[in-house]
Amino acid sequence: MERILVIGAAGQIGSELVTALRTLHGNENVFATDLREVPKDIKEAGPFAILDVMDDKRLIHYVIRHKITQIYHLAAVLSGNAEKLPLQAWHINMQSLLNILDLAKEVEDVKKIFWPSSIAVFGPTTPQKNTPQLTITEPSTVYGISKLAGERWCEYFYKRYNVDVRSIRYPGLISYKTEAGGGTTDYAVEIFYEAVKSGKYNCFLSENTALPMMFMEDAVNATIKLMESPKEKILVHSGYNVGGISFTPKQLAEEIKTHIPNFKISYQPDFRQAIADSWPQSIDDTQAQTDWGLETKHDIKAMTNKMLQGVKQKFNQ
Ligand code: NAD
Ligand code: SER
């Protein structure tokens, strides 16, 4: 029986991944932790604790006390926020990962780690269309530098200490359960809230900025599939490319207009435009499909349908 620790359980991914993991492994076997309170459904359904991943001593005690066998480490400072305090972001993103990798090396019960990387490992010199798994990685953001260094550390711990750490380079993730956490792709979440609340949205990226994105349900399924795959199927020990769907703010606005005909979008690019311009427009994820059977179900239409339904329900409309 697995006993799973999720760090960063209150966040955009954690708040949905915990529920999916509890369905699979039993509520009592999935330990949700974060620096802040998690949504009510997560707190009430199973174990929850306030835990700082930077506090390595408390972390190791928690892991031993609860006989944890797998860790999903989701705590990080995302791209937009990281540019505001680069050294703090570097410290949090790197030290938290090193705490987890070192713990996995020392604690015998801990058999598997998940740590998310990002399309941010790529930079302005990377081929932007259909970006391959193995290519130039010269990120220009502190977030991207921390993810690239993190990938190198993951591979190092795998090769040197046989730590089974698995990773996905997530594209921008789109969901409605909790707010997005300060990233450059957040426009594709905010736009739905504003479309439902006010019928208009002022986008911080320009209209033709194409980025790879993925609906959360697909991201959660991919994550669990990667983690449930036999060890011998995992051939990439840095981070797997995962592509999802690619679209621009203008294309997303057009899709929203098919549901809300009067929806209006305006554009006022800010500092996040330069970040977006340095990232791929679309991703080649053939290796993830071949190695462990990556599948995605939502195109822009299906994603927009579910997002509008979900956001409307939140506002009781
Ligand atoms: P988020 O900001 O929504 O959630 C992160 C959570 O970590 C927050 O609830 C925060 O309170 C918690 N946290 C921060 N510092 C902590 C600490 N010291 N100890 C414990 N918890 C702490 O982020 P997310 O969108 O859920 O992203 C999760 C991971 O996935 C991150 O590593 C992120 O870089 C990666 N990722 C996310 C996306 C995306 O589009 N959301 C894309 C690529 C990669
Ligand atoms: N969605 C994330 C961000 O924009 C990508 O890792 O920061």
# chains A, B, ... in the order shown; residues from 1 in each chain; ligands from 1

$ closest_atom_pairs --of "segment 211-286 of chain A" --to "segment 116-140 of chain A" --cutoff "6 Å" --atoms "only C-alpha atoms" --output "Markdown table"
| residue | atom | partner | partner_atom | distance |
| --- | --- | --- | --- | --- |
| A:Asn241 | CA | A:Gln133 | CA | 5.7 |
| A:Ser278 | CA | A:Pro124 | CA | 4.4 |
| A:Trp279 | CA | A:Gly123 | CA | 5.6 |
| A:Pro280 | CA | A:Gln128 | CA | 4.2 |
| A:Gln281 | CA | A:Gln128 | CA | 5.4 |
| A:Ser282 | CA | A:Asn130 | CA | 4.8 |
| A:Ile283 | CA | A:Asn130 | CA | 4.4 |
| A:Asp284 | CA | A:Asn130 | CA | 4.8 |

$ closest_atom_pairs --of "chain A" --to "ligand 1" --cutoff "7 Å" --atoms "only C-alpha atoms and all ligand atoms" --output "Markdown table"
| residue | atom | partner | partner_atom_place_in_ligand_line | distance |
| --- | --- | --- | --- | --- |
| A:Ile7 | CA | ligand 1 | 21 (N) | 5.7 |
| A:Gly8 | CA | ligand 1 | 7 (O) | 3.5 |
| A:Ala9 | CA | ligand 1 | 9 (O) | 5.9 |
| A:Ala10 | CA | ligand 1 | 9 (O) | 4.0 |
| A:Gly11 | CA | ligand 1 | 4 (O) | 3.2 |
| A:Gln12 | CA | ligand 1 | 26 (O) | 3.7 |
| A:Ile13 | CA | ligand 1 | 26 (O) | 3.8 |
| A:Gly14 | CA | ligand 1 | 26 (O) | 5.5 |
| A:Thr33 | CA | ligand 1 | 20 (C) | 6.7 |
| A:Asp34 | CA | ligand 1 | 21 (N) | 4.0 |
| A:Leu35 | CA | ligand 1 | 21 (N) | 4.5 |
| A:Arg36 | CA | ligand 1 | 11 (O) | 5.4 |
| A:Leu51 | CA | ligand 1 | 20 (C) | 5.7 |
| A:Asp52 | CA | ligand 1 | 19 (N) | 3.6 |
| A:Val53 | CA | ligand 1 | 19 (N) | 4.0 |
| A:Met54 | CA | ligand 1 | 18 (N) | 5.2 |
| A:Leu74 | CA | ligand 1 | 29 (C) | 4.1 |
| A:Ala75 | CA | ligand 1 | 7 (O) | 3.4 |
| A:Ala76 | CA | ligand 1 | 32 (O) | 4.6 |
| A:Val77 | CA | ligand 1 | 2 (O) | 6.3 |
| A:Leu78 | CA | ligand 1 | 34 (O) | 5.2 |
| A:Ile92 | CA | ligand 1 | 18 (N) | 6.8 |
| A:Trp115 | CA | ligand 1 | 32 (O) | 6.8 |
| A:Pro116 | CA | ligand 1 | 30 (O) | 5.0 |
| A:Ser117 | CA | ligand 1 | 44 (C) | 5.4 |
| A:Ser118 | CA | ligand 1 | 43 (C) | 4.2 |
| A:Ile119 | CA | ligand 1 | 43 (C) | 6.6 |
| A:Arg169 | CA | ligand 1 | 43 (C) | 6.3 |
| A:Tyr170 | CA | ligand 1 | 43 (C) | 4.2 |
| A:Pro171 | CA | ligand 1 | 42 (C) | 5.2 |
| A:Gly172 | CA | ligand 1 | 40 (O) | 3.7 |
| A:Leu173 | CA | ligand 1 | 40 (O) | 3.8 |
| A:Ile174 | CA | ligand 1 | 40 (O) | 6.9 |
| A:Glu179 | CA | ligand 1 | 3 (O) | 6.7 |
| A:Ala180 | CA | ligand 1 | 3 (O) | 5.2 |
| A:Gly181 | CA | ligand 1 | 2 (O) | 3.5 |
| A:Gly182 | CA | ligand 1 | 2 (O) | 6.4 |
| A:Gly183 | CA | ligand 1 | 40 (O) | 6.6 |
| A:Thr185 | CA | ligand 1 | 40 (O) | 6.2 |

$ write_last_selection --atoms "N, CA, C and O atoms" --output "compact mmCIF listing (two decimals), in the first residue's frame"
# COMPACT_ATOMS: atom_id res chain seq x y z
N ILE A 7 3.18 17.92 -1.37
CA ILE A 7 3.66 19.21 -0.84
C ILE A 7 3.22 20.31 -1.82
O ILE A 7 3.49 20.21 -3.02
N GLY A 8 2.54 21.32 -1.29
CA GLY A 8 1.96 22.36 -2.18
C GLY A 8 0.54 21.98 -2.56
O GLY A 8 0.07 22.31 -3.65
N ALA A 9 -0.16 21.31 -1.63
CA ALA A 9 -1.50 20.75 -1.91
C ALA A 9 -2.58 21.82 -2.07
O ALA A 9 -3.67 21.52 -2.55
N ALA A 10 -2.30 23.06 -1.63
CA ALA A 10 -3.32 24.11 -1.75
C ALA A 10 -3.26 24.79 -3.11
O ALA A 10 -4.11 25.61 -3.43
N GLY A 11 -2.27 24.46 -3.92
CA GLY A 11 -2.04 25.18 -5.16
C GLY A 11 -2.92 24.72 -6.31
O GLY A 11 -3.79 23.85 -6.15
N GLN A 12 -2.66 25.30 -7.47
CA GLN A 12 -3.49 25.02 -8.65
C GLN A 12 -3.48 23.53 -8.99
O GLN A 12 -4.52 22.94 -9.26
N ILE A 13 -2.31 22.91 -8.98
CA ILE A 13 -2.23 21.48 -9.32
C ILE A 13 -2.58 20.63 -8.10
O ILE A 13 -3.39 19.70 -8.18
N GLY A 14 -1.98 20.95 -6.97
CA GLY A 14 -2.15 20.14 -5.76
C GLY A 14 -3.60 19.94 -5.39
O GLY A 14 -4.02 18.83 -5.04
N THR A 33 -0.16 18.60 2.30
CA THR A 33 0.55 19.59 3.11
C THR A 33 0.79 20.85 2.30
O THR A 33 0.89 20.80 1.07
N ASP A 34 0.90 21.96 3.02
CA ASP A 34 1.17 23.25 2.37
C ASP A 34 1.54 24.24 3.46
O ASP A 34 1.40 23.95 4.65
N LEU A 35 1.98 25.41 3.03
CA LEU A 35 2.24 26.50 3.98
C LEU A 35 0.94 27.15 4.42
O LEU A 35 0.90 27.88 5.39
N ARG A 36 -0.10 26.96 3.62
CA ARG A 36 -1.39 27.61 3.89
C ARG A 36 -2.51 26.57 3.88
O ARG A 36 -2.28 25.41 3.52
N LEU A 51 2.94 22.47 6.59
CA LEU A 51 4.33 21.99 6.59
C LEU A 51 5.14 22.82 5.60
O LEU A 51 4.73 23.00 4.46
N ASP A 52 6.28 23.31 6.05
CA ASP A 52 7.16 24.11 5.19
C ASP A 52 8.23 23.18 4.62
O ASP A 52 9.03 22.63 5.36
N VAL A 53 8.25 23.04 3.30
CA VAL A 53 9.22 22.12 2.67
C VAL A 53 10.66 22.58 2.89
O VAL A 53 11.60 21.80 2.76
N MET A 54 10.83 23.86 3.23
CA MET A 54 12.19 24.38 3.47
C MET A 54 12.71 23.93 4.84
O MET A 54 13.91 24.00 5.10
N LEU A 74 5.25 19.88 -5.11
CA LEU A 74 4.68 20.87 -6.03
C LEU A 74 4.95 22.32 -5.62
O LEU A 74 4.57 23.24 -6.35
N ALA A 75 5.59 22.52 -4.48
CA ALA A 75 5.80 23.90 -4.01
C ALA A 75 6.88 24.58 -4.85
O ALA A 75 7.94 24.01 -5.07
N ALA A 76 6.58 25.78 -5.33
CA ALA A 76 7.58 26.54 -6.11
C ALA A 76 7.09 27.98 -6.27
O ALA A 76 5.91 28.27 -6.04
N VAL A 77 8.00 28.85 -6.66
CA VAL A 77 7.61 30.21 -7.07
C VAL A 77 7.56 30.20 -8.60
O VAL A 77 8.54 29.84 -9.26
N LEU A 78 6.40 30.57 -9.17
CA LEU A 78 6.22 30.47 -10.62
C LEU A 78 6.83 31.67 -11.37
O LEU A 78 7.30 32.62 -10.75
N ILE A 92 14.11 29.21 -2.96
CA ILE A 92 12.97 28.33 -2.63
C ILE A 92 12.90 27.17 -3.62
O ILE A 92 12.79 26.00 -3.23
N TRP A 115 8.39 15.53 -9.30
CA TRP A 115 8.73 16.96 -9.21
C TRP A 115 8.46 17.57 -10.58
O TRP A 115 9.00 17.09 -11.59
N PRO A 116 7.63 18.62 -10.66
CA PRO A 116 7.30 19.17 -11.98
C PRO A 116 8.37 20.12 -12.50
O PRO A 116 8.81 21.03 -11.79
N SER A 117 8.74 19.90 -13.76
CA SER A 117 9.52 20.89 -14.47
C SER A 117 8.54 21.71 -15.32
O SER A 117 7.33 21.70 -15.05
N SER A 118 9.03 22.39 -16.33
CA SER A 118 8.17 23.34 -17.06
C SER A 118 8.73 23.59 -18.46
O SER A 118 9.94 23.43 -18.69
N ILE A 119 7.86 24.07 -19.34
CA ILE A 119 8.33 24.55 -20.65
C ILE A 119 9.30 25.72 -20.48
O ILE A 119 9.96 26.11 -21.43
N ARG A 169 7.63 18.29 -17.99
CA ARG A 169 7.74 19.72 -18.29
C ARG A 169 6.33 20.20 -18.63
O ARG A 169 5.91 20.18 -19.79
N TYR A 170 5.57 20.58 -17.58
CA TYR A 170 4.19 21.00 -17.84
C TYR A 170 4.16 22.23 -18.75
O TYR A 170 4.95 23.16 -18.57
N PRO A 171 3.18 22.26 -19.65
CA PRO A 171 2.86 23.53 -20.33
C PRO A 171 2.00 24.36 -19.37
O PRO A 171 1.85 23.99 -18.20
N GLY A 172 1.43 25.47 -19.81
CA GLY A 172 0.54 26.25 -18.95
C GLY A 172 -0.69 25.43 -18.61
O GLY A 172 -1.31 24.84 -19.49
N LEU A 173 -1.04 25.39 -17.32
CA LEU A 173 -2.17 24.55 -16.92
C LEU A 173 -3.41 25.40 -16.67
O LEU A 173 -3.33 26.48 -16.09
N ILE A 174 -4.54 24.85 -17.13
CA ILE A 174 -5.79 25.62 -17.09
C ILE A 174 -6.81 24.87 -16.23
O ILE A 174 -7.09 23.69 -16.48
N GLU A 179 -7.11 29.42 -7.74
CA GLU A 179 -6.47 30.43 -8.59
C GLU A 179 -5.14 29.92 -9.11
O GLU A 179 -4.49 29.10 -8.46
N ALA A 180 -4.70 30.45 -10.26
CA ALA A 180 -3.36 30.13 -10.75
C ALA A 180 -2.33 30.88 -9.89
O ALA A 180 -2.64 31.90 -9.29
N GLY A 181 -1.11 30.33 -9.85
CA GLY A 181 -0.15 30.78 -8.82
C GLY A 181 0.93 31.76 -9.26
O GLY A 181 2.05 31.68 -8.78
N GLY A 182 0.63 32.70 -10.16
CA GLY A 182 1.63 33.74 -10.47
C GLY A 182 2.50 33.43 -11.66
O GLY A 182 3.65 33.87 -11.73
N GLY A 183 1.96 32.69 -12.63
CA GLY A 183 2.73 32.34 -13.82
C GLY A 183 2.40 33.22 -15.01
O GLY A 183 1.49 34.07 -14.96
N THR A 185 1.43 31.95 -17.94
CA THR A 185 0.30 31.37 -18.67
C THR A 185 -1.03 31.61 -17.95
O THR A 185 -2.07 31.17 -18.43

$ residues_around --residues "Asn221 of chain A" --least-positions-apart "3" --cutoff "9 Å" --atoms "only C-alpha atoms" --output "VMD selection string"
chain A and resid 17 20 216 to 218 224 to 226 294 to 296

$ select_by_dssp --residues "segment 71-212 of chain A" --states "strand (DSSP E or B)" --output "count of residues only"
23

$ residues_around --residues "Ser246 of chain A" --least-positions-apart "6" --cutoff "6 Å" --atoms "only C-alpha atoms" --output "list of chain:residue names"
A:Leu211, A:Pro212, A:Met213, A:Ser282

$ closest_residue --among "A:Ile68, A:Leu97, A:Ile50, A:Ile265" --to "Ala149 of chain A" --atoms "only C-alpha atoms"
A:Leu97

$ atom_distance --atom1 "atom CA of Phe114 of chain A" --atom2 "atom CA of Ile4 of chain A"
10.7 Å
